[in-house]
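The next block is structure31.tsv, given as TSV, C-alpha atoms and all ligand atoms.
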chain	number	residue	atom	x	y	z
A	178	MET	CA	-15.46	7.77	0.20
A	179	LYS	CA	-14.80	4.53	2.08
A	180	TRP	CA	-13.74	1.45	0.11
A	181	GLY	CA	-13.68	-2.16	1.31
A	182	VAL	CA	-12.14	-4.88	-0.86
A	183	ILE	CA	-12.53	-8.58	-0.11
A	184	THR	CA	-9.50	-10.27	-1.63
A	185	LEU	CA	-7.07	-13.13	-1.13
A	186	PHE	CA	-4.33	-10.70	-2.29
A	187	PRO	CA	-4.78	-7.46	-0.30
A	188	ALA	CA	-1.23	-6.26	-1.08
A	189	MET	CA	-2.02	-6.34	-4.80
A	190	VAL	CA	-4.95	-3.92	-4.37
A	191	GLU	CA	-3.26	-1.71	-1.77
A	192	ASP	CA	-0.04	-1.37	-3.81
A	193	ALA	CA	-1.88	-0.63	-7.05
A	194	LEU	CA	-3.96	2.14	-5.47
A	195	SER	CA	-1.02	3.74	-3.62
A	196	HIS	CA	0.22	5.75	-6.65
A	197	GLY	CA	-0.72	9.02	-8.33
A	198	VAL	CA	-3.88	10.97	-7.59
A	199	ILE	CA	-5.62	7.97	-5.97
A	200	GLY	CA	-2.62	7.39	-3.68
A	201	ARG	CA	-2.79	11.07	-2.68
A	202	GLY	CA	-6.56	10.81	-2.08
A	203	LEU	CA	-5.89	7.89	0.27
A	204	THR	CA	-3.09	9.61	2.21
A	205	ASP	CA	-5.03	12.91	2.56
A	206	GLY	CA	-8.18	11.09	3.79
A	207	ARG	CA	-10.59	11.96	0.97
A	208	LEU	CA	-10.51	8.20	0.23
A	209	GLU	CA	-10.20	5.27	2.62
A	210	LEU	CA	-9.30	1.68	1.73
A	211	VAL	CA	-9.65	-1.37	3.96
A	212	SER	CA	-8.95	-4.90	2.72
A	213	PHE	CA	-10.55	-8.05	4.07
A	214	ASN	CA	-8.89	-11.40	3.48
A	215	PRO	CA	-11.02	-14.55	3.60
A	216	ARG	CA	-7.85	-16.41	4.65
A	217	ALA	CA	-8.07	-14.65	8.04
A	218	HIS	CA	-11.22	-16.74	8.63
A	219	ALA	CA	-9.72	-20.12	7.70
A	220	THR	CA	-9.91	-22.59	10.56
A	221	ASP	CA	-7.87	-25.57	9.39
A	222	VAL	CA	-4.12	-26.10	9.51
A	223	HIS	CA	-3.86	-25.57	5.73
A	224	GLN	CA	-5.72	-22.21	5.91
A	225	THR	CA	-8.04	-23.48	3.17
A	226	VAL	CA	-10.00	-20.85	1.21
A	227	ASP	CA	-11.05	-22.94	-1.82
A	228	ASP	CA	-13.46	-25.83	-2.24
A	229	ARG	CA	-14.49	-28.31	-4.95
A	230	PRO	CA	-17.46	-27.64	-7.26
A	231	TYR	CA	-20.51	-29.93	-7.05
A	232	GLY	CA	-20.82	-31.80	-10.33
A	233	GLY	CA	-17.07	-32.08	-10.66
A	234	GLY	CA	-14.89	-30.63	-13.37
A	235	PRO	CA	-11.67	-28.71	-13.32
A	236	GLY	CA	-10.98	-25.81	-10.99
A	237	MET	CA	-12.09	-24.76	-7.55
A	238	LEU	CA	-14.51	-22.22	-6.09
A	239	MET	CA	-14.01	-19.81	-3.21
A	240	LYS	CA	-14.84	-21.65	0.01
A	241	VAL	CA	-18.26	-20.48	1.28
A	242	GLU	CA	-17.58	-20.21	5.05
A	243	THR	CA	-14.37	-18.17	4.80
A	244	LEU	CA	-15.84	-15.97	2.04
A	245	ARG	CA	-19.09	-15.23	3.92
A	246	ALA	CA	-17.20	-14.53	7.16
A	247	SER	CA	-15.06	-12.03	5.25
A	248	ILE	CA	-18.15	-10.36	3.71
A	249	ALA	CA	-19.72	-10.13	7.20
A	250	GLU	CA	-16.53	-8.56	8.57
A	251	ALA	CA	-16.46	-6.01	5.72
A	252	ARG	CA	-20.14	-5.13	6.34
A	253	GLN	CA	-19.42	-4.48	10.03
A	254	HIS	CA	-16.75	-1.93	9.07
A	255	LEU	CA	-18.80	-0.41	6.22
A	256	PRO	CA	-22.47	-0.80	7.22
A	257	ALA	CA	-23.86	1.48	4.48
A	258	ALA	CA	-21.94	-0.19	1.66
A	259	PRO	CA	-23.53	-2.06	-1.23
A	260	VAL	CA	-21.50	-5.23	-1.95
A	261	VAL	CA	-20.37	-5.42	-5.58
A	262	TYR	CA	-19.06	-8.61	-7.21
A	263	LEU	CA	-16.84	-8.11	-10.25
A	264	SER	CA	-17.39	-10.75	-12.91
A	265	PRO	CA	-17.84	-11.09	-16.67
A	266	GLN	CA	-21.53	-11.93	-15.99
A	267	GLY	CA	-22.16	-8.49	-14.48
A	268	GLU	CA	-23.83	-5.33	-15.70
A	269	PRO	CA	-21.43	-3.49	-18.04
A	270	LEU	CA	-19.47	-0.68	-16.34
A	271	THR	CA	-19.91	2.70	-18.03
A	272	GLN	CA	-18.75	6.18	-17.06
A	273	SER	CA	-22.30	6.94	-15.96
A	274	LEU	CA	-22.30	3.93	-13.57
A	275	VAL	CA	-18.85	5.04	-12.34
A	276	ALA	CA	-20.31	8.50	-11.61
A	277	GLU	CA	-23.28	6.92	-9.78
A	278	ILE	CA	-20.97	4.84	-7.55
A	279	ALA	CA	-18.79	7.90	-6.84
A	280	CYS	CA	-21.86	9.41	-5.08
A	281	TRP	CA	-22.10	6.48	-2.63
A	282	PRO	CA	-20.46	7.08	0.76
A	283	GLU	CA	-19.15	3.50	0.91
A	284	VAL	CA	-18.70	0.46	-1.32
A	285	ILE	CA	-17.45	-3.10	-0.76
A	286	LEU	CA	-15.94	-4.91	-3.75
A	287	LEU	CA	-15.56	-8.68	-3.89
A	288	ALA	CA	-12.57	-9.73	-5.98
A	289	GLY	CA	-13.10	-13.38	-6.84
A	290	ARG	CA	-10.45	-16.01	-7.52
A	291	TYR	CA	-10.42	-19.56	-8.91
A	292	GLU	CA	-13.54	-20.33	-10.98
A	293	GLY	CA	-15.69	-17.93	-8.92
A	294	VAL	CA	-18.16	-18.12	-6.03
A	295	ASP	CA	-21.15	-20.30	-5.13
A	296	GLU	CA	-24.28	-18.86	-6.81
A	297	ARG	CA	-26.11	-18.71	-3.43
A	298	VAL	CA	-23.48	-16.32	-2.07
A	299	ILE	CA	-24.27	-14.02	-5.01
A	300	THR	CA	-28.00	-14.32	-4.25
A	301	LEU	CA	-27.63	-13.80	-0.49
A	302	ASP	CA	-24.73	-11.37	-0.11
A	303	ILE	CA	-24.20	-9.48	-3.36
A	304	ASP	CA	-26.10	-6.27	-4.21
A	305	ARG	CA	-24.66	-5.59	-7.69
A	306	GLU	CA	-22.65	-7.68	-10.16
A	307	ILE	CA	-20.54	-5.51	-12.47
A	308	SER	CA	-18.33	-6.35	-15.48
A	309	LEU	CA	-15.55	-4.22	-16.93
A	310	GLY	CA	-16.00	-5.82	-20.34
A	311	ASP	CA	-16.15	-9.04	-22.33
A	312	PHE	CA	-12.87	-10.57	-21.19
A	313	VAL	CA	-11.75	-12.90	-18.39
A	314	LEU	CA	-9.13	-12.14	-15.74
A	315	SER	CA	-7.51	-14.71	-13.45
A	316	GLY	CA	-8.85	-12.75	-10.47
A	317	GLY	CA	-11.19	-9.87	-9.70
A	318	GLU	CA	-8.42	-7.68	-8.24
A	319	PRO	CA	-7.42	-5.90	-11.47
A	320	ALA	CA	-11.11	-5.18	-12.10
A	321	ALA	CA	-11.58	-3.87	-8.53
A	322	ILE	CA	-8.50	-1.67	-8.91
A	323	ALA	CA	-9.75	-0.26	-12.22
A	324	LEU	CA	-13.25	0.41	-10.86
A	325	LEU	CA	-11.90	2.11	-7.71
A	326	ASP	CA	-9.49	4.21	-9.76
A	327	ALA	CA	-12.31	5.37	-12.05
A	328	VAL	CA	-14.58	6.12	-9.06
A	329	GLY	CA	-11.89	7.68	-6.86
A	330	ARG	CA	-10.90	10.33	-9.40
A	331	LEU	CA	-14.50	11.60	-9.39
A	332	VAL	CA	-14.55	12.10	-5.61
A	333	PRO	CA	-14.35	15.87	-4.99
A	334	GLY	CA	-10.79	17.10	-4.39
A	335	VAL	CA	-9.06	13.93	-5.61
A	336	LEU	CA	-8.16	15.37	-9.02
A	337	GLY	CA	-6.26	18.62	-8.53
A	338	HIS	CA	-7.58	21.67	-10.36
A	339	ALA	CA	-5.19	20.60	-13.16
A	340	GLY	CA	-7.49	17.75	-14.17
A	341	SER	CA	-11.19	18.39	-14.38
A	342	ALA	CA	-13.46	15.36	-14.51
A	343	GLU	CA	-15.98	17.38	-16.57
A	344	ALA	CA	-13.46	17.64	-19.42
A	345	ASP	CA	-13.14	13.83	-19.56
A	346	SER	CA	-13.69	11.60	-22.49
A	347	PHE	CA	-17.16	10.01	-21.97
A	348	SER	CA	-18.42	12.62	-19.50
A	349	ASP	CA	-20.19	13.98	-22.59
A	350	GLY	CA	-20.49	10.57	-24.28
A	351	LEU	CA	-17.69	11.26	-26.79
A	352	LEU	CA	-14.09	10.12	-27.18
A	353	ASP	CA	-11.41	12.61	-26.21
A	354	CYS	CA	-9.78	14.90	-28.78
A	355	PRO	CA	-6.06	14.46	-29.64
A	356	HIS	CA	-3.52	16.23	-27.42
A	357	TYR	CA	-0.08	17.67	-28.20
A	358	THR	CA	2.91	18.94	-26.22
A	359	ARG	CA	6.42	20.14	-27.17
A	360	PRO	CA	8.20	19.96	-29.55
A	361	GLU	CA	6.19	21.60	-32.38
A	362	GLU	CA	7.47	18.95	-34.80
A	363	ILE	CA	8.32	15.25	-34.28
A	364	ALA	CA	9.64	13.31	-37.30
A	365	GLY	CA	7.81	15.61	-39.71
A	366	GLN	CA	4.55	15.47	-37.71
A	367	ARG	CA	3.53	19.03	-36.76
A	368	VAL	CA	1.21	20.23	-34.01
A	369	PRO	CA	-1.99	21.51	-35.68
A	370	ASP	CA	-1.58	25.28	-36.31
A	371	VAL	CA	-4.79	26.22	-34.48
A	372	LEU	CA	-3.33	24.95	-31.17
A	373	LEU	CA	-0.41	27.40	-31.57
A	374	SER	CA	-2.68	30.32	-32.51
A	375	GLY	CA	-3.69	31.39	-29.00
A	376	HIS	CA	-7.26	31.80	-30.30
A	377	HIS	CA	-9.22	30.10	-27.48
A	378	GLY	CA	-12.54	30.10	-29.32
A	379	GLN	CA	-11.02	28.44	-32.39
A	380	ILE	CA	-9.14	25.95	-30.18
A	381	ALA	CA	-12.33	24.90	-28.35
A	382	ARG	CA	-14.12	24.54	-31.72
A	383	TRP	CA	-11.26	22.40	-33.14
A	384	ARG	CA	-11.22	20.15	-30.05
A	385	ARG	CA	-14.99	19.62	-30.18
A	386	LYS	CA	-14.80	18.83	-33.90
A	387	GLN	CA	-12.00	16.30	-33.31
A	388	ALA	CA	-13.91	14.64	-30.44
A	389	LEU	CA	-16.99	14.32	-32.65
A	390	GLY	CA	-14.93	13.14	-35.65
A	391	TRP	CA	-12.88	10.50	-33.80
A	392	THR	CA	-16.05	9.19	-32.13
A	393	TRP	CA	-17.67	8.94	-35.58
A	394	LEU	CA	-14.61	7.09	-36.94
A	395	ARG	CA	-13.93	4.70	-34.07
A	396	ARG	CA	-17.12	4.36	-32.02
A	397	PRO	CA	-20.08	5.32	-34.23
A	398	GLU	CA	-22.50	3.51	-31.87
A	399	LEU	CA	-21.76	6.18	-29.21
A	400	LEU	CA	-23.07	8.89	-31.56
A	401	GLU	CA	-26.21	6.93	-32.43
A	402	ARG	CA	-27.17	7.15	-28.74
A	403	GLN	CA	-27.22	10.94	-28.69
A	404	THR	CA	-28.93	13.82	-30.42
A	405	LEU	CA	-26.29	16.35	-31.44
A	406	SER	CA	-26.89	20.10	-31.33
A	407	ASP	CA	-27.05	21.91	-34.70
A	408	GLU	CA	-23.56	23.27	-33.98
A	409	ASP	CA	-22.16	19.76	-33.26
A	410	ASN	CA	-23.82	18.48	-36.44
A	411	ASP	CA	-22.10	21.23	-38.46
A	412	LEU	CA	-18.72	20.40	-36.87
A	413	LEU	CA	-19.11	16.68	-37.58
A	414	THR	CA	-20.22	17.34	-41.16
A	415	GLU	CA	-17.10	19.48	-41.62
A	416	PHE	CA	-14.88	16.70	-40.16
A	417	ILE	CA	-16.45	14.05	-42.41
A	418	ARG	CA	-16.09	16.26	-45.50
A	419	GLU	CA	-12.40	16.90	-44.69
A	420	SER	CA	-11.72	13.20	-44.00
A	421	LYS	CA	-12.78	12.18	-47.52
A	422	PRO	CA	-10.13	11.86	-50.29
B	1	LIG	C1	-14.12	-9.57	-13.66
B	1	LIG	C2	-13.51	-10.62	-12.98
B	1	LIG	C3	-13.22	-10.45	-15.66
B	1	LIG	C4	-13.96	-9.49	-15.01
B	1	LIG	C5	-12.78	-11.56	-13.70
B	1	LIG	C6	-14.62	-8.39	-15.79
B	1	LIG	C7	-12.43	-13.09	-11.81
B	1	LIG	N1	-12.63	-11.43	-15.03
B	1	LIG	N2	-14.75	-8.58	-17.11
B	1	LIG	N3	-12.19	-12.65	-13.13
B	1	LIG	O1	-14.99	-7.41	-15.21
B	1	LIG	C8	-13.81	-16.14	-11.77
B	1	LIG	C9	-13.62	-15.67	-10.37
B	1	LIG	C10	-13.84	-14.94	-12.66
B	1	LIG	C11	-14.01	-14.24	-10.36
B	1	LIG	C12	-13.77	-13.75	-11.73
How would this structure read if it were set down as C-alpha cells?
Ligand code: 4GN
Amino acid sequence: MKWGVITLFPAMVEDALSHGVIGRGLTDGRLELVSFNPRAHATDVHQTVDDRPYGGGPGMLMKVETLRASIAEARQHLPAAPVVYLSPQGEPLTQSLVAEIACWPEVILLAGRYEGVDERVITLDIDREISLGDFVLSGGEPAAIALLDAVGRLVPGVLGHAGSAEADSFSDGLLDCPHYTRPEEIAGQRVPDVLLSGHHGQIARWRRKQALGWTWLRRPELLERQTLSDEDNDLLTEFIRESKP
C-alpha cells in the first residue's frame, strides 16, 4: 500500500513509522511512504506556510497556496488516493474503518498544523475527514502516524505469522483477554491455572470468557451493539456470576 503524508514535519512521520513491523513493511516494499512538505512550495524569503484568519482572533491557519500546491503534488504521485484530513471534527476512526482503508491501494493524509485549514480547502480537496477521538493535538502528525500504523499492520505480510490480525481486540468487536508470560508468580499474583494446563479447548474457552467479561465491565456499549451466540451468552453469564461477591 502506498502512503502519502502532507506535513510541515516530514521527519516526525518518517521516524515514527521506521520502527517495528511497520518499519519492516516499509523496507521490504509491502508499504511505501512519501512525504510532501508545503514549505517546498513557499515563494517568499521567509518560506511562509501560515496565514491570518479572516475575522481575526488568535492563531494562524495553514496558508492556502502552499497547502494546495502540496496536495496537488501528492495527487500526482498517488493518483488513485483519497485525501484524508485528520481533525477532531472528522468521522470517528474504528477498527472497521481501519480495515476498509487497508483495502485501498493508496491514501494521502493531510496532517494539519496551527488552528487548521481554510474550510474551502476541505470542500475542494479533501475526500474524508477522520478523527481519532475527542481530544485535540497540536498537529495532525501523531494522528496520521497512529492511523497509518493501524492500517499498515493489516496489509498482508506486514504482521509476521506470529501476530494474526484476526486475533485482535476489536476484530470481533470485543476487548482483548488478559495475557501472561513467565514467571508463574509475580508478587503473589499467579498465572491462571488453565493457561498452564495445556488443554487448548479450555484455554480458548477461558480467553473468550475473559474477552466477553472485560468488555462487559469496561465497555458495555460495545456489547449492546452485537447479538451474542448462545455459547457466548453462557460464558458471559458465568463471568458475571463469578465477578459478584
Ligand atoms: C486530529 C488532529 C486531534 C485529532 C488534531 C484527532 C491537528 N487533533 N482527534 N490536531 O484525530 C488544528 C490543525 C487541529 C489540525 C488539527
Within 7 Å of segment 230-238 of chain A, counting all atoms listed in the file, which residues qualify if same-chain residues fewer than 5 places away don't, as a PDB file with C-alpha atoms, keeping the file's coordinate frame?
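Here's the written file out.pdb:
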ATOM      1  CA  TYR A 291     -10.420 -19.560  -8.910  1.00  0.00           C
ATOM      2  CA  GLU A 292     -13.540 -20.330 -10.980  1.00  0.00           C
ATOM      3  CA  GLY A 293     -15.690 -17.930  -8.920  1.00  0.00           C
ATOM      4  CA  VAL A 294     -18.160 -18.120  -6.030  1.00  0.00           C
ATOM      5  CA  ASP A 295     -21.150 -20.300  -5.130  1.00  0.00           C
TER       6      ASP A 295
END
Item to complete: List the residues sitting within 12 Å of (-5.0, -4.5, -10.2) in the file's frame, using only C-alpha atoms, as a ChimeraX atom specification.
Response: /A:182,184,186-195,288,314-326
Dump of C-alpha atoms for the selected residues, as a short mmCIF file (atom, residue, chain, number, x, y, z; two decimals), in the coordinates of the input:
data_model
loop_
_atom_site.label_atom_id
_atom_site.label_comp_id
_atom_site.auth_asym_id
_atom_site.auth_seq_id
_atom_site.Cartn_x
_atom_site.Cartn_y
_atom_site.Cartn_z
CA VAL A 182 -12.14 -4.88 -0.86
CA THR A 184 -9.50 -10.27 -1.63
CA PHE A 186 -4.33 -10.70 -2.29
CA PRO A 187 -4.78 -7.46 -0.30
CA ALA A 188 -1.23 -6.26 -1.08
CA MET A 189 -2.02 -6.34 -4.80
CA VAL A 190 -4.95 -3.92 -4.37
CA GLU A 191 -3.26 -1.71 -1.77
CA ASP A 192 -0.04 -1.37 -3.81
CA ALA A 193 -1.88 -0.63 -7.05
CA LEU A 194 -3.96 2.14 -5.47
CA SER A 195 -1.02 3.74 -3.62
CA ALA A 288 -12.57 -9.73 -5.98
CA LEU A 314 -9.13 -12.14 -15.74
CA SER A 315 -7.51 -14.71 -13.45
CA GLY A 316 -8.85 -12.75 -10.47
CA GLY A 317 -11.19 -9.87 -9.70
CA GLU A 318 -8.42 -7.68 -8.24
CA PRO A 319 -7.42 -5.90 -11.47
CA ALA A 320 -11.11 -5.18 -12.10
CA ALA A 321 -11.58 -3.87 -8.53
CA ILE A 322 -8.50 -1.67 -8.91
CA ALA A 323 -9.75 -0.26 -12.22
CA LEU A 324 -13.25 0.41 -10.86
CA LEU A 325 -11.90 2.11 -7.71
CA ASP A 326 -9.49 4.21 -9.76
#
Worksheet item: Near Arg207 of chain A, within 12 Å and counting all atoms listed in the file, which residues show up once chain neighbours fewer than 6 positions away are dropped, as a ChimeraX atom specification?
Response: /A:178-180,198-201,282,329-336
Worksheet item: Near Leu400 of chain A, within 8 Å and counting all atoms listed in the file, which residues show up once chain neighbours fewer than 4 positions away are dropped, as a list of chain:residue names?
Response: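 Result of the neighbour search: A:Gly350, A:Leu351, A:Thr392, A:Trp393, A:Arg396, A:Thr404.
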Discussion item. Could you tell me how far atom CA of Leu309 of chain A sits from atom CA of Cys354 of chain A, in Å to one decimal place?
Written reply: 23.2 Å
Item to complete: Go through A:Val313, A:Leu274, A:Ala388, A:Leu412 and flag the residue nearest ligand LIG 1 (chain B), using only C-alpha atoms and all ligand atoms for the distances.
Response: A:Val313
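If you measure from each of A:Asn214, A:Gln253, A:Gln266, A:Ser348 to ligand LIG 1 (chain B) using all atoms listed in the file, the closest one turns out to be A:Gln266.
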Discussion item. Just to confirm, what's the straight-line distance from atom CA of Glu306 of chain A to atom CA of Glu268 of chain A in Å (one decimal)?
Written reply: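 A separation of 6.1 Å between them.
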Worksheet item: In terms of the shortest atom-to-atom distance over all atoms listed in the file, which of A:Thr204, A:Ser308, A:Ser247, A:Thr225 is closest to ligand LIG 1 (chain B)?
Response: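 Nearest candidate to ligand LIG 1 (chain B) out of A:Thr204, A:Ser308, A:Ser247, A:Thr225: A:Ser308.
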Worksheet item: Which is closest to ligand LIG 1 (chain B) among A:Ile307, A:Ala217, A:Ala249, A:Val222, if we use all atoms listed in the file?
Response: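 For ligand LIG 1 (chain B), the nearest of the candidates is A:Ile307.
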Practice prompt. Counting all atoms listed in the file, figure out which residue out of A:Gly365, A:Lys421, A:Val328, A:Lys386 gets nearest to Asp353 of chain A.
Written response: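 Of A:Gly365, A:Lys421, A:Val328, A:Lys386, the one nearest Asp353 of chain A is A:Lys386, counting all atoms listed in the file.
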Worksheet item: Which polymer residues have any atom within 12 Å of an atom of Asp349 of chain A, counting only C-alpha atoms, with same-chain residues fewer than 3 positions away left out, as a count of residues only?
Response: 19
Fill in: Nearest to ligand LIG 1 (chain B), chosen from A:Gly197, A:Pro355, A:Gly390, A:Pro265, with all atoms listed in the file counted in the distances
A:Pro265
Output segment 240-256 of chain A with N, CA, C and O atoms present, as a tab-separated table (two decimals), in the frame of the given file.
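Generated file (out_14.tsv):
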chain	number	residue	atom	x	y	z
A	240	LYS	N	-14.19	-20.90	-1.07
A	240	LYS	CA	-14.84	-21.65	0.01
A	240	LYS	C	-15.90	-20.76	0.68
A	240	LYS	O	-15.63	-19.61	1.04
A	241	VAL	N	-17.11	-21.29	0.85
A	241	VAL	CA	-18.26	-20.48	1.28
A	241	VAL	C	-18.07	-19.89	2.69
A	241	VAL	O	-18.31	-18.70	2.89
A	242	GLU	N	-17.64	-20.70	3.67
A	242	GLU	CA	-17.58	-20.21	5.05
A	242	GLU	C	-16.59	-19.06	5.21
A	242	GLU	O	-16.90	-18.04	5.86
A	243	THR	N	-15.39	-19.22	4.65
A	243	THR	CA	-14.37	-18.17	4.80
A	243	THR	C	-14.78	-16.92	4.02
A	243	THR	O	-14.59	-15.79	4.49
A	244	LEU	N	-15.40	-17.11	2.85
A	244	LEU	CA	-15.84	-15.97	2.04
A	244	LEU	C	-16.95	-15.20	2.76
A	244	LEU	O	-16.89	-13.97	2.88
A	245	ARG	N	-17.96	-15.92	3.26
A	245	ARG	CA	-19.09	-15.23	3.92
A	245	ARG	C	-18.66	-14.57	5.22
A	245	ARG	O	-19.16	-13.50	5.58
A	246	ALA	N	-17.71	-15.17	5.93
A	246	ALA	CA	-17.20	-14.53	7.16
A	246	ALA	C	-16.49	-13.23	6.80
A	246	ALA	O	-16.60	-12.21	7.52
A	247	SER	N	-15.78	-13.22	5.69
A	247	SER	CA	-15.06	-12.03	5.25
A	247	SER	C	-16.04	-10.94	4.80
A	247	SER	O	-15.84	-9.75	5.10
A	248	ILE	N	-17.11	-11.33	4.11
A	248	ILE	CA	-18.15	-10.36	3.71
A	248	ILE	C	-18.80	-9.76	4.95
A	248	ILE	O	-19.02	-8.55	5.04
A	249	ALA	N	-19.09	-10.61	5.95
A	249	ALA	CA	-19.72	-10.13	7.20
A	249	ALA	C	-18.80	-9.15	7.92
A	249	ALA	O	-19.25	-8.11	8.43
A	250	GLU	N	-17.51	-9.46	7.93
A	250	GLU	CA	-16.53	-8.56	8.57
A	250	GLU	C	-16.49	-7.21	7.84
A	250	GLU	O	-16.48	-6.14	8.47
A	251	ALA	N	-16.49	-7.25	6.51
A	251	ALA	CA	-16.46	-6.01	5.72
A	251	ALA	C	-17.71	-5.17	6.00
A	251	ALA	O	-17.65	-3.96	6.15
A	252	ARG	N	-18.88	-5.85	6.07
A	252	ARG	CA	-20.14	-5.13	6.34
A	252	ARG	C	-20.15	-4.47	7.70
A	252	ARG	O	-20.73	-3.40	7.88
A	253	GLN	N	-19.49	-5.09	8.69
A	253	GLN	CA	-19.42	-4.48	10.03
A	253	GLN	C	-18.63	-3.17	10.00
A	253	GLN	O	-19.01	-2.21	10.66
A	254	HIS	N	-17.56	-3.15	9.19
A	254	HIS	CA	-16.75	-1.93	9.07
A	254	HIS	C	-17.43	-0.88	8.20
A	254	HIS	O	-17.23	0.31	8.42
A	255	LEU	N	-18.19	-1.32	7.20
A	255	LEU	CA	-18.80	-0.41	6.22
A	255	LEU	C	-20.29	-0.74	6.11
A	255	LEU	O	-20.74	-1.32	5.12
A	256	PRO	N	-21.07	-0.35	7.13
A	256	PRO	CA	-22.47	-0.80	7.22
A	256	PRO	C	-23.36	-0.26	6.11
A	256	PRO	O	-24.39	-0.87	5.80
